[in-house]
file final06.cif (mmCIF, N, CA and C atoms)
data_final
#
loop_
_atom_site.group_PDB
_atom_site.id
_atom_site.type_symbol
_atom_site.label_atom_id
_atom_site.label_comp_id
_atom_site.auth_asym_id
_atom_site.auth_seq_id
_atom_site.Cartn_x
_atom_site.Cartn_y
_atom_site.Cartn_z
ATOM 1 N N MET Y 1 -11.726 36.827 44.896
ATOM 2 C CA MET Y 1 -10.417 36.245 44.749
ATOM 3 C C MET Y 1 -10.389 34.913 45.492
ATOM 4 N N SER Y 2 -9.944 33.882 44.841
ATOM 5 C CA SER Y 2 -9.866 32.584 45.493
ATOM 6 C C SER Y 2 -8.599 32.513 46.346
ATOM 7 N N ILE Y 3 -8.684 31.749 47.379
ATOM 8 C CA ILE Y 3 -7.540 31.585 48.270
ATOM 9 C C ILE Y 3 -6.794 30.327 47.859
ATOM 10 N N ASP Y 4 -5.533 30.488 47.538
ATOM 11 C CA ASP Y 4 -4.717 29.342 47.151
ATOM 12 C C ASP Y 4 -3.548 29.203 48.128
ATOM 13 N N GLY Y 5 -2.718 28.211 47.894
ATOM 14 C CA GLY Y 5 -1.600 27.934 48.783
ATOM 15 C C GLY Y 5 -0.606 29.067 48.889
ATOM 16 N N ASN Y 6 -0.416 29.821 47.795
ATOM 17 C CA ASN Y 6 0.521 30.943 47.827
ATOM 18 C C ASN Y 6 0.024 32.069 48.723
ATOM 19 N N LEU Y 7 -1.268 32.366 48.656
ATOM 20 C CA LEU Y 7 -1.841 33.391 49.521
ATOM 21 C C LEU Y 7 -1.752 32.949 50.979
ATOM 22 N N ILE Y 8 -2.069 31.700 51.251
ATOM 23 C CA ILE Y 8 -1.957 31.174 52.612
ATOM 24 C C ILE Y 8 -0.524 31.299 53.124
ATOM 25 N N HIS Y 9 0.436 31.027 52.249
ATOM 26 C CA HIS Y 9 1.846 31.146 52.639
ATOM 27 C C HIS Y 9 2.164 32.565 53.107
ATOM 28 N N HIS Y 10 1.717 33.557 52.356
ATOM 29 C CA HIS Y 10 1.979 34.946 52.721
ATOM 30 C C HIS Y 10 1.212 35.355 53.976
ATOM 31 N N LEU Y 11 0.024 34.819 54.161
ATOM 32 C CA LEU Y 11 -0.738 35.111 55.372
ATOM 33 C C LEU Y 11 -0.046 34.536 56.608
ATOM 34 N N THR Y 12 0.483 33.338 56.500
ATOM 35 C CA THR Y 12 1.173 32.754 57.659
ATOM 36 C C THR Y 12 2.406 33.573 58.027
ATOM 37 N N ILE Y 13 3.102 34.099 57.044
ATOM 38 C CA ILE Y 13 4.260 34.962 57.323
ATOM 39 C C ILE Y 13 3.806 36.231 58.043
ATOM 40 N N GLU Y 14 2.726 36.823 57.571
ATOM 41 C CA GLU Y 14 2.208 38.056 58.171
ATOM 42 C C GLU Y 14 1.725 37.815 59.601
ATOM 43 N N TRP Y 15 0.947 36.751 59.806
ATOM 44 C CA TRP Y 15 0.419 36.476 61.140
ATOM 45 C C TRP Y 15 1.514 36.076 62.107
ATOM 46 N N THR Y 16 2.573 35.458 61.613
ATOM 47 C CA THR Y 16 3.691 35.098 62.477
ATOM 48 C C THR Y 16 4.292 36.346 63.118
ATOM 49 N N LYS Y 17 4.362 37.449 62.385
ATOM 50 C CA LYS Y 17 4.896 38.702 62.931
ATOM 51 C C LYS Y 17 4.117 39.150 64.159
ATOM 52 N N TYR Y 18 2.813 38.970 64.131
ATOM 53 C CA TYR Y 18 1.956 39.462 65.202
ATOM 54 C C TYR Y 18 1.704 38.448 66.310
ATOM 55 N N LEU Y 19 1.619 37.165 65.969
ATOM 56 C CA LEU Y 19 1.134 36.180 66.926
ATOM 57 C C LEU Y 19 2.196 35.250 67.498
ATOM 58 N N LYS Y 20 3.343 35.109 66.832
ATOM 59 C CA LYS Y 20 4.351 34.158 67.305
ATOM 60 C C LYS Y 20 4.809 34.547 68.703
ATOM 61 N N ASP Y 21 4.887 33.557 69.580
ATOM 62 C CA ASP Y 21 5.252 33.717 70.990
ATOM 63 C C ASP Y 21 4.223 34.526 71.776
ATOM 64 N N GLY Y 22 3.025 34.676 71.236
ATOM 65 C CA GLY Y 22 1.949 35.351 71.950
ATOM 66 C C GLY Y 22 1.198 34.367 72.836
ATOM 67 N N ARG Y 23 0.718 34.868 73.961
ATOM 68 C CA ARG Y 23 -0.028 34.033 74.905
ATOM 69 C C ARG Y 23 -1.528 34.200 74.666
ATOM 70 N N ILE Y 24 -2.225 33.076 74.609
ATOM 71 C CA ILE Y 24 -3.679 33.074 74.426
ATOM 72 C C ILE Y 24 -4.312 33.385 75.778
ATOM 73 N N ARG Y 25 -4.947 34.542 75.885
ATOM 74 C CA ARG Y 25 -5.532 34.979 77.154
ATOM 75 C C ARG Y 25 -6.987 34.541 77.306
ATOM 76 N N LYS Y 26 -7.754 34.668 76.253
ATOM 77 C CA LYS Y 26 -9.174 34.308 76.304
ATOM 78 C C LYS Y 26 -9.591 33.655 75.007
ATOM 79 N N ILE Y 27 -10.549 32.732 75.116
ATOM 80 C CA ILE Y 27 -11.134 32.080 73.951
ATOM 81 C C ILE Y 27 -12.652 32.129 74.109
ATOM 82 N N TYR Y 28 -13.324 32.561 73.051
ATOM 83 C CA TYR Y 28 -14.781 32.598 73.043
ATOM 84 C C TYR Y 28 -15.288 31.879 71.799
ATOM 85 N N GLN Y 29 -16.381 31.160 71.957
ATOM 86 C CA GLN Y 29 -17.057 30.562 70.812
ATOM 87 C C GLN Y 29 -18.246 31.458 70.505
ATOM 88 N N LEU Y 30 -18.150 32.205 69.416
ATOM 89 C CA LEU Y 30 -19.176 33.175 69.072
ATOM 90 C C LEU Y 30 -20.418 32.531 68.484
ATOM 91 N N SER Y 31 -20.227 31.472 67.729
ATOM 92 C CA SER Y 31 -21.346 30.746 67.130
ATOM 93 C C SER Y 31 -20.899 29.300 66.935
ATOM 94 N N ARG Y 32 -21.700 28.547 66.257
ATOM 95 C CA ARG Y 32 -21.388 27.127 66.066
ATOM 96 C C ARG Y 32 -20.022 26.907 65.410
ATOM 97 N N PHE Y 33 -19.649 27.783 64.474
ATOM 98 C CA PHE Y 33 -18.414 27.597 63.714
ATOM 99 C C PHE Y 33 -17.337 28.644 63.992
ATOM 100 N N ASP Y 34 -17.658 29.701 64.730
ATOM 101 C CA ASP Y 34 -16.743 30.840 64.867
ATOM 102 C C ASP Y 34 -16.111 30.907 66.254
ATOM 103 N N LEU Y 35 -14.784 31.137 66.264
ATOM 104 C CA LEU Y 35 -14.022 31.245 67.502
ATOM 105 C C LEU Y 35 -13.291 32.575 67.542
ATOM 106 N N LEU Y 36 -13.120 33.097 68.740
ATOM 107 C CA LEU Y 36 -12.423 34.357 68.958
ATOM 108 C C LEU Y 36 -11.315 34.115 69.980
ATOM 109 N N PHE Y 37 -10.081 34.428 69.606
ATOM 110 C CA PHE Y 37 -8.932 34.267 70.486
ATOM 111 C C PHE Y 37 -8.373 35.650 70.811
ATOM 112 N N HIS Y 38 -8.147 35.939 72.089
ATOM 113 C CA HIS Y 38 -7.426 37.145 72.496
ATOM 114 C C HIS Y 38 -5.993 36.716 72.757
ATOM 115 N N VAL Y 39 -5.051 37.310 72.004
ATOM 116 C CA VAL Y 39 -3.643 36.940 72.100
ATOM 117 C C VAL Y 39 -2.843 38.177 72.497
ATOM 118 N N HIS Y 40 -2.014 38.038 73.536
ATOM 119 C CA HIS Y 40 -1.139 39.127 73.969
ATOM 120 C C HIS Y 40 0.275 38.787 73.554
ATOM 121 N N ASN Y 41 0.906 39.741 72.850
ATOM 122 C CA ASN Y 41 2.255 39.513 72.340
ATOM 123 C C ASN Y 41 3.021 40.827 72.350
ATOM 124 N N ARG Y 42 4.176 40.834 72.968
ATOM 125 C CA ARG Y 42 5.043 42.015 73.021
ATOM 126 C C ARG Y 42 4.272 43.274 73.427
ATOM 127 N N LYS Y 43 3.543 43.172 74.521
ATOM 128 C CA LYS Y 43 2.760 44.285 75.073
ATOM 129 C C LYS Y 43 1.658 44.762 74.136
ATOM 130 N N GLU Y 44 1.338 43.982 73.139
ATOM 131 C CA GLU Y 44 0.238 44.294 72.233
ATOM 132 C C GLU Y 44 -0.854 43.250 72.393
ATOM 133 N N LYS Y 45 -2.082 43.671 72.141
ATOM 134 C CA LYS Y 45 -3.219 42.755 72.192
ATOM 135 C C LYS Y 45 -3.754 42.573 70.783
ATOM 136 N N HIS Y 46 -3.990 41.322 70.417
ATOM 137 C CA HIS Y 46 -4.518 41.007 69.094
ATOM 138 C C HIS Y 46 -5.767 40.152 69.245
ATOM 139 N N VAL Y 47 -6.689 40.324 68.327
ATOM 140 C CA VAL Y 47 -7.906 39.520 68.291
ATOM 141 C C VAL Y 47 -7.847 38.680 67.020
ATOM 142 N N LEU Y 48 -7.845 37.363 67.202
ATOM 143 C CA LEU Y 48 -7.791 36.423 66.087
ATOM 144 C C LEU Y 48 -9.149 35.757 65.964
ATOM 145 N N LEU Y 49 -9.764 35.890 64.795
ATOM 146 C CA LEU Y 49 -11.049 35.244 64.536
ATOM 147 C C LEU Y 49 -10.836 34.064 63.620
ATOM 148 N N LEU Y 50 -11.446 32.943 63.976
ATOM 149 C CA LEU Y 50 -11.361 31.718 63.183
ATOM 150 C C LEU Y 50 -12.776 31.245 62.883
ATOM 151 N N SER Y 51 -13.004 30.824 61.664
ATOM 152 C CA SER Y 51 -14.284 30.242 61.307
ATOM 153 C C SER Y 51 -14.053 28.926 60.581
ATOM 154 N N ALA Y 52 -14.746 27.902 61.025
ATOM 155 C CA ALA Y 52 -14.687 26.597 60.378
ATOM 156 C C ALA Y 52 -15.978 26.329 59.616
ATOM 157 N N SER Y 53 -16.600 27.383 59.172
ATOM 158 C CA SER Y 53 -17.843 27.256 58.432
ATOM 159 C C SER Y 53 -17.628 26.409 57.182
ATOM 160 N N PRO Y 54 -18.513 25.456 56.911
ATOM 161 C CA PRO Y 54 -18.339 24.635 55.714
ATOM 162 C C PRO Y 54 -18.445 25.447 54.422
ATOM 163 N N ARG Y 55 -19.086 26.577 54.497
ATOM 164 C CA ARG Y 55 -19.277 27.392 53.303
ATOM 165 C C ARG Y 55 -18.213 28.481 53.146
ATOM 166 N N TYR Y 56 -17.915 29.179 54.242
ATOM 167 C CA TYR Y 56 -16.978 30.304 54.186
ATOM 168 C C TYR Y 56 -15.980 30.215 55.341
ATOM 169 N N ALA Y 57 -15.019 29.361 55.228
ATOM 170 C CA ALA Y 57 -13.986 29.258 56.269
ATOM 171 C C ALA Y 57 -13.030 30.440 56.111
ATOM 172 N N TRP Y 58 -12.633 31.051 57.233
ATOM 173 C CA TRP Y 58 -11.705 32.166 57.195
ATOM 174 C C TRP Y 58 -10.976 32.294 58.518
ATOM 175 N N MET Y 59 -9.942 33.126 58.501
ATOM 176 C CA MET Y 59 -9.150 33.410 59.691
ATOM 177 C C MET Y 59 -8.562 34.803 59.489
ATOM 178 N N TYR Y 60 -8.749 35.693 60.449
ATOM 179 C CA TYR Y 60 -8.159 37.020 60.294
ATOM 180 C C TYR Y 60 -7.961 37.704 61.637
ATOM 181 N N LEU Y 61 -7.103 38.721 61.630
ATOM 182 C CA LEU Y 61 -6.868 39.565 62.796
ATOM 183 C C LEU Y 61 -7.803 40.758 62.713
ATOM 184 N N SER Y 62 -8.337 41.171 63.856
ATOM 185 C CA SER Y 62 -9.295 42.270 63.863
ATOM 186 C C SER Y 62 -9.017 43.203 65.035
ATOM 187 N N LYS Y 63 -9.453 44.429 64.906
ATOM 188 C CA LYS Y 63 -9.380 45.396 66.001
ATOM 189 C C LYS Y 63 -10.782 45.697 66.538
ATOM 190 N N LYS Y 64 -11.764 45.067 65.951
ATOM 191 C CA LYS Y 64 -13.167 45.280 66.309
ATOM 192 C C LYS Y 64 -13.498 44.596 67.642
ATOM 193 N N HIS Y 65 -14.445 45.163 68.376
ATOM 194 C CA HIS Y 65 -14.940 44.557 69.608
ATOM 195 C C HIS Y 65 -16.143 43.674 69.261
ATOM 196 N N PHE Y 66 -16.165 42.457 69.793
ATOM 197 C CA PHE Y 66 -17.230 41.513 69.488
ATOM 198 C C PHE Y 66 -18.016 41.179 70.751
ATOM 199 N N GLU Y 67 -19.312 41.050 70.581
ATOM 200 C CA GLU Y 67 -20.157 40.599 71.688
ATOM 201 C C GLU Y 67 -19.945 39.101 71.878
ATOM 202 N N VAL Y 68 -19.705 38.707 73.106
ATOM 203 C CA VAL Y 68 -19.474 37.291 73.397
ATOM 204 C C VAL Y 68 -20.693 36.734 74.124
ATOM 205 N N PRO Y 69 -20.974 35.444 73.937
ATOM 206 C CA PRO Y 69 -22.141 34.854 74.606
ATOM 207 C C PRO Y 69 -21.943 34.805 76.122
ATOM 208 N N LYS Y 70 -23.031 34.996 76.849
ATOM 209 C CA LYS Y 70 -22.962 34.957 78.310
ATOM 210 C C LYS Y 70 -22.654 33.555 78.827
ATOM 211 N N THR Y 71 -23.220 32.547 78.170
ATOM 212 C CA THR Y 71 -22.973 31.161 78.545
ATOM 213 C C THR Y 71 -22.172 30.491 77.435
ATOM 214 N N PRO Y 72 -20.931 30.090 77.733
ATOM 215 C CA PRO Y 72 -20.119 29.481 76.675
ATOM 216 C C PRO Y 72 -20.582 28.067 76.333
ATOM 217 N N PRO Y 73 -20.566 27.716 75.044
ATOM 218 C CA PRO Y 73 -20.903 26.352 74.634
ATOM 219 C C PRO Y 73 -19.836 25.362 75.124
ATOM 220 N N ALA Y 74 -20.151 24.102 75.085
ATOM 221 C CA ALA Y 74 -19.251 23.057 75.595
ATOM 222 C C ALA Y 74 -17.912 23.032 74.859
ATOM 223 N N PHE Y 75 -17.936 23.205 73.540
ATOM 224 C CA PHE Y 75 -16.680 23.174 72.798
ATOM 225 C C PHE Y 75 -15.794 24.364 73.163
ATOM 226 N N GLY Y 76 -16.409 25.519 73.363
ATOM 227 C CA GLY Y 76 -15.655 26.692 73.802
ATOM 228 C C GLY Y 76 -15.002 26.460 75.151
ATOM 229 N N MET Y 77 -15.709 25.805 76.060
ATOM 230 C CA MET Y 77 -15.138 25.479 77.379
ATOM 231 C C MET Y 77 -13.998 24.474 77.242
ATOM 232 N N PHE Y 78 -14.140 23.520 76.337
ATOM 233 C CA PHE Y 78 -13.083 22.545 76.085
ATOM 234 C C PHE Y 78 -11.818 23.250 75.590
ATOM 235 N N LEU Y 79 -11.976 24.166 74.653
ATOM 236 C CA LEU Y 79 -10.810 24.895 74.141
ATOM 237 C C LEU Y 79 -10.174 25.745 75.226
ATOM 238 N N ARG Y 80 -10.987 26.378 76.057
ATOM 239 C CA ARG Y 80 -10.439 27.170 77.164
ATOM 240 C C ARG Y 80 -9.596 26.299 78.086
ATOM 241 N N LYS Y 81 -10.114 25.140 78.407
ATOM 242 C CA LYS Y 81 -9.412 24.238 79.322
ATOM 243 C C LYS Y 81 -8.036 23.844 78.775
ATOM 244 N N HIS Y 82 -7.961 23.580 77.476
ATOM 245 C CA HIS Y 82 -6.739 23.047 76.899
ATOM 246 C C HIS Y 82 -5.821 24.084 76.249
ATOM 247 N N LEU Y 83 -6.347 25.256 75.868
ATOM 248 C CA LEU Y 83 -5.512 26.205 75.127
ATOM 249 C C LEU Y 83 -5.268 27.539 75.820
ATOM 250 N N GLU Y 84 -6.174 27.982 76.724
ATOM 251 C CA GLU Y 84 -5.956 29.267 77.386
ATOM 252 C C GLU Y 84 -4.670 29.225 78.191
ATOM 253 N N GLY Y 85 -3.899 30.270 78.075
ATOM 254 C CA GLY Y 85 -2.603 30.327 78.736
ATOM 255 C C GLY Y 85 -1.488 29.755 77.878
ATOM 256 N N GLY Y 86 -1.856 29.116 76.774
ATOM 257 C CA GLY Y 86 -0.866 28.539 75.873
ATOM 258 C C GLY Y 86 -0.158 29.615 75.063
ATOM 259 N N ILE Y 87 1.002 29.266 74.559
ATOM 260 C CA ILE Y 87 1.800 30.190 73.766
ATOM 261 C C ILE Y 87 1.859 29.682 72.322
ATOM 262 N N ILE Y 88 1.565 30.571 71.386
ATOM 263 C CA ILE Y 88 1.630 30.221 69.969
ATOM 264 C C ILE Y 88 3.096 30.212 69.566
ATOM 265 N N ARG Y 89 3.643 29.039 69.355
ATOM 266 C CA ARG Y 89 5.063 28.908 69.029
ATOM 267 C C ARG Y 89 5.345 29.044 67.543
ATOM 268 N N ASN Y 90 4.363 28.667 66.712
ATOM 269 C CA ASN Y 90 4.612 28.726 65.282
ATOM 270 C C ASN Y 90 3.284 28.749 64.529
ATOM 271 N N ILE Y 91 3.300 29.377 63.368
ATOM 272 C CA ILE Y 91 2.169 29.372 62.446
ATOM 273 C C ILE Y 91 2.746 28.963 61.101
ATOM 274 N N PHE Y 92 2.210 27.883 60.526
ATOM 275 C CA PHE Y 92 2.817 27.372 59.300
ATOM 276 C C PHE Y 92 1.813 26.602 58.463
ATOM 277 N N GLN Y 93 2.246 26.285 57.253
ATOM 278 C CA GLN Y 93 1.500 25.400 56.370
ATOM 279 C C GLN Y 93 2.467 24.335 55.867
ATOM 280 N N ILE Y 94 1.956 23.197 55.504
ATOM 281 C CA ILE Y 94 2.788 22.122 54.968
ATOM 282 C C ILE Y 94 2.657 22.132 53.456
ATOM 283 N N LYS Y 95 3.810 22.166 52.814
ATOM 284 C CA LYS Y 95 3.896 22.263 51.347
ATOM 285 C C LYS Y 95 3.069 23.450 50.885
ATOM 286 N N ASN Y 96 2.116 23.244 50.013
ATOM 287 C CA ASN Y 96 1.323 24.358 49.499
ATOM 288 C C ASN Y 96 -0.162 24.156 49.808
ATOM 289 N N ASP Y 97 -0.444 23.469 50.922
ATOM 290 C CA ASP Y 97 -1.824 23.226 51.321
ATOM 291 C C ASP Y 97 -2.529 24.523 51.694
ATOM 292 N N ARG Y 98 -3.847 24.469 51.688
ATOM 293 C CA ARG Y 98 -4.649 25.608 52.128
ATOM 294 C C ARG Y 98 -5.070 25.415 53.581
ATOM 295 N N ILE Y 99 -4.192 24.843 54.358
ATOM 296 C CA ILE Y 99 -4.435 24.599 55.775
ATOM 297 C C ILE Y 99 -3.388 25.362 56.588
ATOM 298 N N ILE Y 100 -3.833 26.074 57.610
ATOM 299 C CA ILE Y 100 -2.927 26.809 58.479
ATOM 300 C C ILE Y 100 -2.849 26.070 59.808
ATOM 301 N N TYR Y 101 -1.632 25.806 60.247
ATOM 302 C CA TYR Y 101 -1.402 25.115 61.510
ATOM 303 C C TYR Y 101 -0.921 26.119 62.556
ATOM 304 N N LEU Y 102 -1.491 26.024 63.748
ATOM 305 C CA LEU Y 102 -1.027 26.803 64.882
ATOM 306 C C LEU Y 102 -0.395 25.832 65.862
ATOM 307 N N GLN Y 103 0.873 25.994 66.139
ATOM 308 C CA GLN Y 103 1.540 25.164 67.132
ATOM 309 C C GLN Y 103 1.471 25.894 68.459
ATOM 310 N N ILE Y 104 0.739 25.329 69.414
ATOM 311 C CA ILE Y 104 0.508 25.967 70.701
ATOM 312 C C ILE Y 104 1.098 25.092 71.794
ATOM 313 N N ASP Y 105 1.934 25.693 72.633
ATOM 314 C CA ASP Y 105 2.507 24.993 73.788
ATOM 315 C C ASP Y 105 1.763 25.441 75.039
ATOM 316 N N LYS Y 106 1.441 24.461 75.855
ATOM 317 C CA LYS Y 106 0.797 24.776 77.127
ATOM 318 C C LYS Y 106 1.432 23.948 78.202
#

call {"tool": "encode", "arguments": {"input": "final06.cif", "output": "structure tokens"}}
result
Amino acid sequence: MSIDGNLIHHLTIEWTKYLKDGRIRKIYQLSRFDLLFHVHNRKEKHVLLLSASPRYAWMYLSKKHFEVPKTPPAFGMFLRKHLEGGIIRNIFQIKNDRIIYLQIDK
């Protein structure tokens, strides 16, 4: 199934239920393109996986436990510095784009 703007719209609505006003507790860079965010919201813990792979970009919530690298890459450290402790204020898309925006306040 191809991902279009309508599917992205429904995904942003669904993820908003779980992640809006959630605090980013930990960020890990699992590989060159994959990121793992631990988000705490309303006494619940959520794991958000993001991939910027040029071939298979995706974003989803998971309950699975992932092995994290012992030494974080430089980009992972950069994201930790600027986003850890931040609060996800909004998840949205503009018009019908296939781009998901996370508005994070820190």

call {"tool": "resolve_selection", "arguments": {"input": "final06.cif", "expression": "the PyMOL selection byres ((chain Y and resi 81-95) around 5)", "output": "CSV table (one decimal) with N, CA and C atoms, in the frame of the given file"}}
result
chain,number,residue,atom,x,y,z
Y,20,LYS,N,3.3,35.1,66.8
Y,20,LYS,CA,4.4,34.2,67.3
Y,20,LYS,C,4.8,34.5,68.7
Y,21,ASP,N,4.9,33.6,69.6
Y,21,ASP,CA,5.3,33.7,71.0
Y,21,ASP,C,4.2,34.5,71.8
Y,22,GLY,N,3.0,34.7,71.2
Y,22,GLY,CA,1.9,35.4,72.0
Y,22,GLY,C,1.2,34.4,72.8
Y,23,ARG,N,0.7,34.9,74.0
Y,23,ARG,CA,0.0,34.0,74.9
Y,23,ARG,C,-1.5,34.2,74.7
Y,24,ILE,N,-2.2,33.1,74.6
Y,24,ILE,CA,-3.7,33.1,74.4
Y,24,ILE,C,-4.3,33.4,75.8
Y,25,ARG,N,-4.9,34.5,75.9
Y,25,ARG,CA,-5.5,35.0,77.2
Y,25,ARG,C,-7.0,34.5,77.3
Y,77,MET,N,-15.7,25.8,76.1
Y,77,MET,CA,-15.1,25.5,77.4
Y,77,MET,C,-14.0,24.5,77.2
Y,78,PHE,N,-14.1,23.5,76.3
Y,78,PHE,CA,-13.1,22.5,76.1
Y,78,PHE,C,-11.8,23.2,75.6
Y,79,LEU,N,-12.0,24.2,74.7
Y,79,LEU,CA,-10.8,24.9,74.1
Y,79,LEU,C,-10.2,25.7,75.2
Y,80,ARG,N,-11.0,26.4,76.1
Y,80,ARG,CA,-10.4,27.2,77.2
Y,80,ARG,C,-9.6,26.3,78.1
Y,96,ASN,N,2.1,23.2,50.0
Y,96,ASN,CA,1.3,24.4,49.5
Y,96,ASN,C,-0.2,24.2,49.8
Y,97,ASP,N,-0.4,23.5,50.9
Y,97,ASP,CA,-1.8,23.2,51.3
Y,97,ASP,C,-2.5,24.5,51.7
Y,99,ILE,N,-4.2,24.8,54.4
Y,99,ILE,CA,-4.4,24.6,55.8
Y,99,ILE,C,-3.4,25.4,56.6
Y,100,ILE,N,-3.8,26.1,57.6
Y,100,ILE,CA,-2.9,26.8,58.5
Y,100,ILE,C,-2.8,26.1,59.8
Y,101,TYR,N,-1.6,25.8,60.2
Y,101,TYR,CA,-1.4,25.1,61.5
Y,101,TYR,C,-0.9,26.1,62.6
Y,102,LEU,N,-1.5,26.0,63.7
Y,102,LEU,CA,-1.0,26.8,64.9
Y,102,LEU,C,-0.4,25.8,65.9
Y,103,GLN,N,0.9,26.0,66.1
Y,103,GLN,CA,1.5,25.2,67.1
Y,103,GLN,C,1.5,25.9,68.5
Y,104,ILE,N,0.7,25.3,69.4
Y,104,ILE,CA,0.5,26.0,70.7
Y,104,ILE,C,1.1,25.1,71.8
Y,105,ASP,N,1.9,25.7,72.6
Y,105,ASP,CA,2.5,25.0,73.8
Y,105,ASP,C,1.8,25.4,75.0
Y,106,LYS,N,1.4,24.5,75.9
Y,106,LYS,CA,0.8,24.8,77.1
Y,106,LYS,C,1.4,23.9,78.2

call {"tool": "axis_aligned_box", "arguments": {"input": "final06.cif", "around": "stretch 73-85 of chain Y", "padding_each_side": "3 Å", "output": "JSON"}}
result
{"center_x": -11.2, "center_y": 26.4, "center_z": 76.1, "size_x": 25.4, "size_y": 13.8, "size_z": 12.5}

call {"tool": "atom_distance", "arguments": {"input": "final06.cif", "atom1": "atom CA of Y:Arg42", "atom2": "atom CA of Y:Tyr18"}}
result
8.8 Å

call {"tool": "resolve_selection", "arguments": {"input": "final06.cif", "expression": "the PyMOL selection byres ((chain Y and resi 63-68) around 8)", "output": "PyMOL selection string"}}
result
chain Y and resi 28-30+45-48+60-62+69-72

call {"tool": "select_by_dssp", "arguments": {"input": "final06.cif", "residues": "chain Y", "states": "strand (DSSP E or B)", "output": "NGL selection string"}}
result
:Y and (22-29 or 34-41 or 44-51 or 58-62 or 87-92 or 101-105)

call {"tool": "resolve_selection", "arguments": {"input": "final06.cif", "expression": "the PyMOL selection byres ((chain Y and resi 51-59) around 6)", "output": "list of chain:residue names"}}
result
Y:Phe33, Y:Asp34, Y:Leu35, Y:Leu49, Y:Leu50, Y:Tyr60, Y:Leu61

call {"tool": "select_by_dssp", "arguments": {"input": "final06.cif", "residues": "chain Y", "states": "helix (DSSP H, G or I)", "output": "number ranges by chain"}}
result
Y: 5-19, 74-83

call {"tool": "atom_distance", "arguments": {"input": "final06.cif", "atom1": "atom CA of Y:Ile3", "atom2": "atom CA of Y:Ser31"}}
result
23.4 Å

call {"tool": "atom_distance", "arguments": {"input": "final06.cif", "atom1": "atom C of Y:Leu7", "atom2": "atom CA of Y:Glu44"}}
result
24.2 Å

call {"tool": "decode", "arguments": {"input": "final06.cif", "residues": "stretch 16-27 of chain Y", "atoms": "N, CA, C and O atoms", "output": "JSON list (two decimals), in the first residue's frame"}}
result
[["chain", "number", "residue", "atom", "x", "y", "z"],
["Y", 16, "THR", "N", -1.08, 12.03, 17.55],
["Y", 16, "THR", "CA", -1.36, 13.16, 18.43],
["Y", 16, "THR", "C", -1.99, 12.67, 19.73],
["Y", 16, "THR", "O", -1.68, 13.18, 20.81],
["Y", 17, "LYS", "N", -2.86, 11.67, 19.66],
["Y", 17, "LYS", "CA", -3.50, 11.12, 20.86],
["Y", 17, "LYS", "C", -2.46, 10.61, 21.86],
["Y", 17, "LYS", "O", -2.63, 10.74, 23.06],
["Y", 18, "TYR", "N", -1.41, 10.00, 21.36],
["Y", 18, "TYR", "CA", -0.41, 9.38, 22.22],
["Y", 18, "TYR", "C", 0.75, 10.30, 22.58],
["Y", 18, "TYR", "O", 1.32, 10.17, 23.67],
["Y", 19, "LEU", "N", 1.16, 11.18, 21.67],
["Y", 19, "LEU", "CA", 2.41, 11.90, 21.86],
["Y", 19, "LEU", "C", 2.26, 13.37, 22.22],
["Y", 19, "LEU", "O", 3.21, 13.97, 22.72],
["Y", 20, "LYS", "N", 1.10, 13.98, 21.95],
["Y", 20, "LYS", "CA", 0.96, 15.42, 22.20],
["Y", 20, "LYS", "C", 1.16, 15.70, 23.68],
["Y", 20, "LYS", "O", 0.61, 15.02, 24.54],
["Y", 21, "ASP", "N", 1.94, 16.73, 23.96],
["Y", 21, "ASP", "CA", 2.31, 17.15, 25.32],
["Y", 21, "ASP", "C", 3.16, 16.11, 26.04],
["Y", 21, "ASP", "O", 3.31, 16.17, 27.26],
["Y", 22, "GLY", "N", 3.75, 15.18, 25.30],
["Y", 22, "GLY", "CA", 4.66, 14.21, 25.89],
["Y", 22, "GLY", "C", 6.07, 14.76, 25.93],
["Y", 22, "GLY", "O", 6.48, 15.54, 25.08],
["Y", 23, "ARG", "N", 6.81, 14.36, 26.96],
["Y", 23, "ARG", "CA", 8.19, 14.82, 27.12],
["Y", 23, "ARG", "C", 9.15, 13.77, 26.55],
["Y", 23, "ARG", "O", 9.01, 12.58, 26.81],
["Y", 24, "ILE", "N", 10.10, 14.24, 25.76],
["Y", 24, "ILE", "CA", 11.12, 13.37, 25.17],
["Y", 24, "ILE", "C", 12.16, 13.09, 26.25],
["Y", 24, "ILE", "O", 12.86, 13.99, 26.69],
["Y", 25, "ARG", "N", 12.24, 11.84, 26.69],
["Y", 25, "ARG", "CA", 13.15, 11.46, 27.77],
["Y", 25, "ARG", "C", 14.51, 11.01, 27.25],
["Y", 25, "ARG", "O", 15.53, 11.34, 27.84],
["Y", 26, "LYS", "N", 14.51, 10.23, 26.21],
["Y", 26, "LYS", "CA", 15.77, 9.71, 25.65],
["Y", 26, "LYS", "C", 15.70, 9.68, 24.14],
["Y", 26, "LYS", "O", 14.64, 9.45, 23.56],
["Y", 27, "ILE", "N", 16.85, 9.88, 23.51],
["Y", 27, "ILE", "CA", 16.97, 9.79, 22.06],
["Y", 27, "ILE", "C", 18.19, 8.92, 21.76],
["Y", 27, "ILE", "O", 19.27, 9.13, 22.33]]
